[in-house]
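Structure first, commentary second.
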Amino acid sequence: MTDSRDKNARIRPQQFHEIGGLEDWRVLGEGACAYFRTGSFAAGAKFVQAISELPGVGSGRPDVDLRDDGVTVRLITIADFYGLSGRDADMAREISELARRLGIPADPSAVQTVQVTIDALAGADVVPFWRALLGYEDRANSPEDLIDPQRRGAPFYFQQMDAPRPQRNRVHVDVWVPYDQAEARIAAAIAAGGRLVSDTYAPSHWVLADPEGNEACVGAAGWIEPAK
């Protein structure tokens with residue numbers, strides 16, 4: 001259970017996954033996400049209406065994506081950090097309890113987020129161009145992150161380079177998947193013609209490349225060591 005006296009404090013991905021009642025949720029690159037299979041747009045709309053009536057909804061929580069077969073819900077805190085708080089965990093539990101009362105099943109394997117990463121030698125010169133081009137804004141207290149103010153588009157992250165790297169691409173996509181889906185996603189990408197470039201930081205993330213060498217990373221936030 002989260003500490004009600006410190007709901008705004010940051011909690012780490014693994015801490016989130018260790019909290020009871022949050023089995024429907026997976027921590028990705030942009031907070032905690034859950035997908036609920038409502039089966040129809042009308043049923044999904046009713047579920048979203050019910051979510052809107054929960055205590056504490058508002059002020060940026062939660063982000064909801066309504067589709068004809070289901071509803072994706074995302075919770076994230078954007079403050080002096082970009083991640084999860086005890087307040088997010090409490091709301092996630094309430095949303096899951098609501099879904100169970102309504103008989104709406106969750107599918108944790110159906111969530112993912114995508115981030116675009118640009119390697120830059122002089123980020124202070126590069127970031128303003130992308131900020132203007134995309135109509136994005138700086139993430140709070142971060143000079144290397146741009147986010148969509150409408151909270152829809154993929155975030156852009158600018159990774160500092162110390163020297164030119166002409167032999168490798170300098171723009172790549174980060175795909176964040178549930179920690180229990182990462183190995184299957186990597187295997188599928190390799191079977192489709194890709195190759196593993198590095199697993200140095202596994203199980204946090206892996207670097208892959210397509211047949212022409214264009215790179216992508218598969219990230220798995222909140223990985224939990226299996227019980228022995």
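Convention: chains lettered A, B, ... in structure tokens order; per-chain residue numbering from 1; ligands numbered from 1 as shown.
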
Exercise. Using the chain letters and numbers from this document, which residues of segment 87-169 of chain A does DSSP assign to helix (DSSP H, G or I), as a PyMOL selection string?
Worked result: chain A and resi 87-101+108-110+123-134

May I have a table of the residues of segment 79-174 of chain A lying at most 7 Å from segment 201-216 of chain A, giving each one's closest pair of atoms and their distance in Å to one decimal, counting only C-alpha atoms, ordered by chain and ascending residue number, as JSON lines?
{"residue": "A:Asn169", "atom": "CA", "partner": "A:Asn214", "partner_atom": "CA", "distance": 6.3}
{"residue": "A:His172", "atom": "CA", "partner": "A:Ala216", "partner_atom": "CA", "distance": 5.3}
{"residue": "A:Val173", "atom": "CA", "partner": "A:Ala216", "partner_atom": "CA", "distance": 5.0}
{"residue": "A:Asp174", "atom": "CA", "partner": "A:Ala216", "partner_atom": "CA", "distance": 5.8}

Exercise. DSSP on the backbone: what in chain A comes out strand (DSSP E), as a count of residues only?
Worked result: 64

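Of the residues under consideration (A:Pro128, A:Pro178, A:Pro164, A:Gly21), A:Gly21 shows the shortest atom-to-atom contact distance to Arg93 of chain A when counting only C-alpha atoms.
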
For this session: Compile the contact shell of Ile19 of chain A as a ChimeraX atom specification: residues with an atom at most 12 Å away, counting only C-alpha atoms, same-chain residues fewer than 4 positions apart removed.
Result: /A:1-3,11-15,23-26,86,88-90,92-93

Name all residues at most 8 Å from Arg170 of chain A (count only C-alpha atoms; drop same-chain ones fewer than 6 positions away) and give them as a PDB file with N, CA and C atoms, in the first residue's frame.
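New file result.pdb:
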ATOM      1  N   ILE A 118      17.376  11.467 -30.211  1.00  0.00           N
ATOM      2  CA  ILE A 118      18.310  12.106 -31.138  1.00  0.00           C
ATOM      3  C   ILE A 118      19.640  12.315 -30.425  1.00  0.00           C
ATOM      4  N   ASP A 119      20.709  11.808 -31.000  1.00  0.00           N
ATOM      5  CA  ASP A 119      22.047  12.041 -30.459  1.00  0.00           C
ATOM      6  C   ASP A 119      22.537  13.400 -30.935  1.00  0.00           C
ATOM      7  N   ALA A 120      22.969  14.251 -30.018  1.00  0.00           N
ATOM      8  CA  ALA A 120      23.364  15.616 -30.377  1.00  0.00           C
ATOM      9  C   ALA A 120      24.690  15.989 -29.742  1.00  0.00           C
TER      10      ALA A 120
END

Problem set entry | Coordinates-based distance that separates atom CA of Ala34 of chain A from atom CA of Ala110 of chain A (Å, one decimal) |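 Computing the Euclidean distance for atom CA of Ala110 of chain A and atom CA of Ala34 of chain A yields 8.0 Å.
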
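Taking atom CA of Ser59 of chain A as the reference point, atom CA of Tyr179 of chain A is found at 28.5 Å.
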
Problem set entry | Selection near Glu144 of chain A, 8 Å with only C-alpha atoms, sequence-local residues under 4 positions removed, as number ranges by chain | A: 123, 127, 138, 157-159

Got time to write the residues from that selection, N, CA and C atoms, as a compact mmCIF listing (two decimals), in the first residue's frame?
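Everything below was put into selection-v3.txt:
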# COMPACT_ATOMS: atom_id res chain seq x y z
N GLY A 123 23.36 20.02 -27.86
CA GLY A 123 21.93 19.97 -27.62
C GLY A 123 21.28 21.34 -27.53
N VAL A 127 17.97 21.40 -29.82
CA VAL A 127 16.64 21.29 -29.19
C VAL A 127 15.68 22.38 -29.64
N ASP A 138 9.34 22.08 -23.34
CA ASP A 138 10.31 21.43 -22.47
C ASP A 138 9.59 20.69 -21.35
N TYR A 157 13.78 12.73 -26.92
CA TYR A 157 14.86 12.80 -25.94
C TYR A 157 16.17 13.07 -26.68
N PHE A 158 16.97 14.00 -26.16
CA PHE A 158 18.22 14.39 -26.81
C PHE A 158 19.39 13.87 -25.97
N GLN A 159 20.11 12.94 -26.56
CA GLN A 159 21.19 12.25 -25.87
C GLN A 159 22.52 12.90 -26.22

Problem set entry | Minimum-distance residue to Gln112 of chain A, chosen among A:Lys46, A:Arg168, A:Gly193, A:Arg74 (using only C-alpha atoms) |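 Selected residue with least distance to Gln112 of chain A: A:Arg74.
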
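The residue that comes closest to Ile104 of chain A, out of A:Val116, A:Gly44, A:Phe129, A:Arg152 and on the basis of only C-alpha atoms, is A:Gly44.
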
Problem set entry | Atom-to-atom span, atom CA of Glu94 of chain A and atom CA of Gly31 of chain A, Å | 16.5 Å

Exercise. Could you pull the residues within 6 Å of Leu84 of chain A, counting only C-alpha atoms, minus those fewer than 6 positions along the same chain, as number ranges by chain?
Worked result: A: 10-11, 76-77
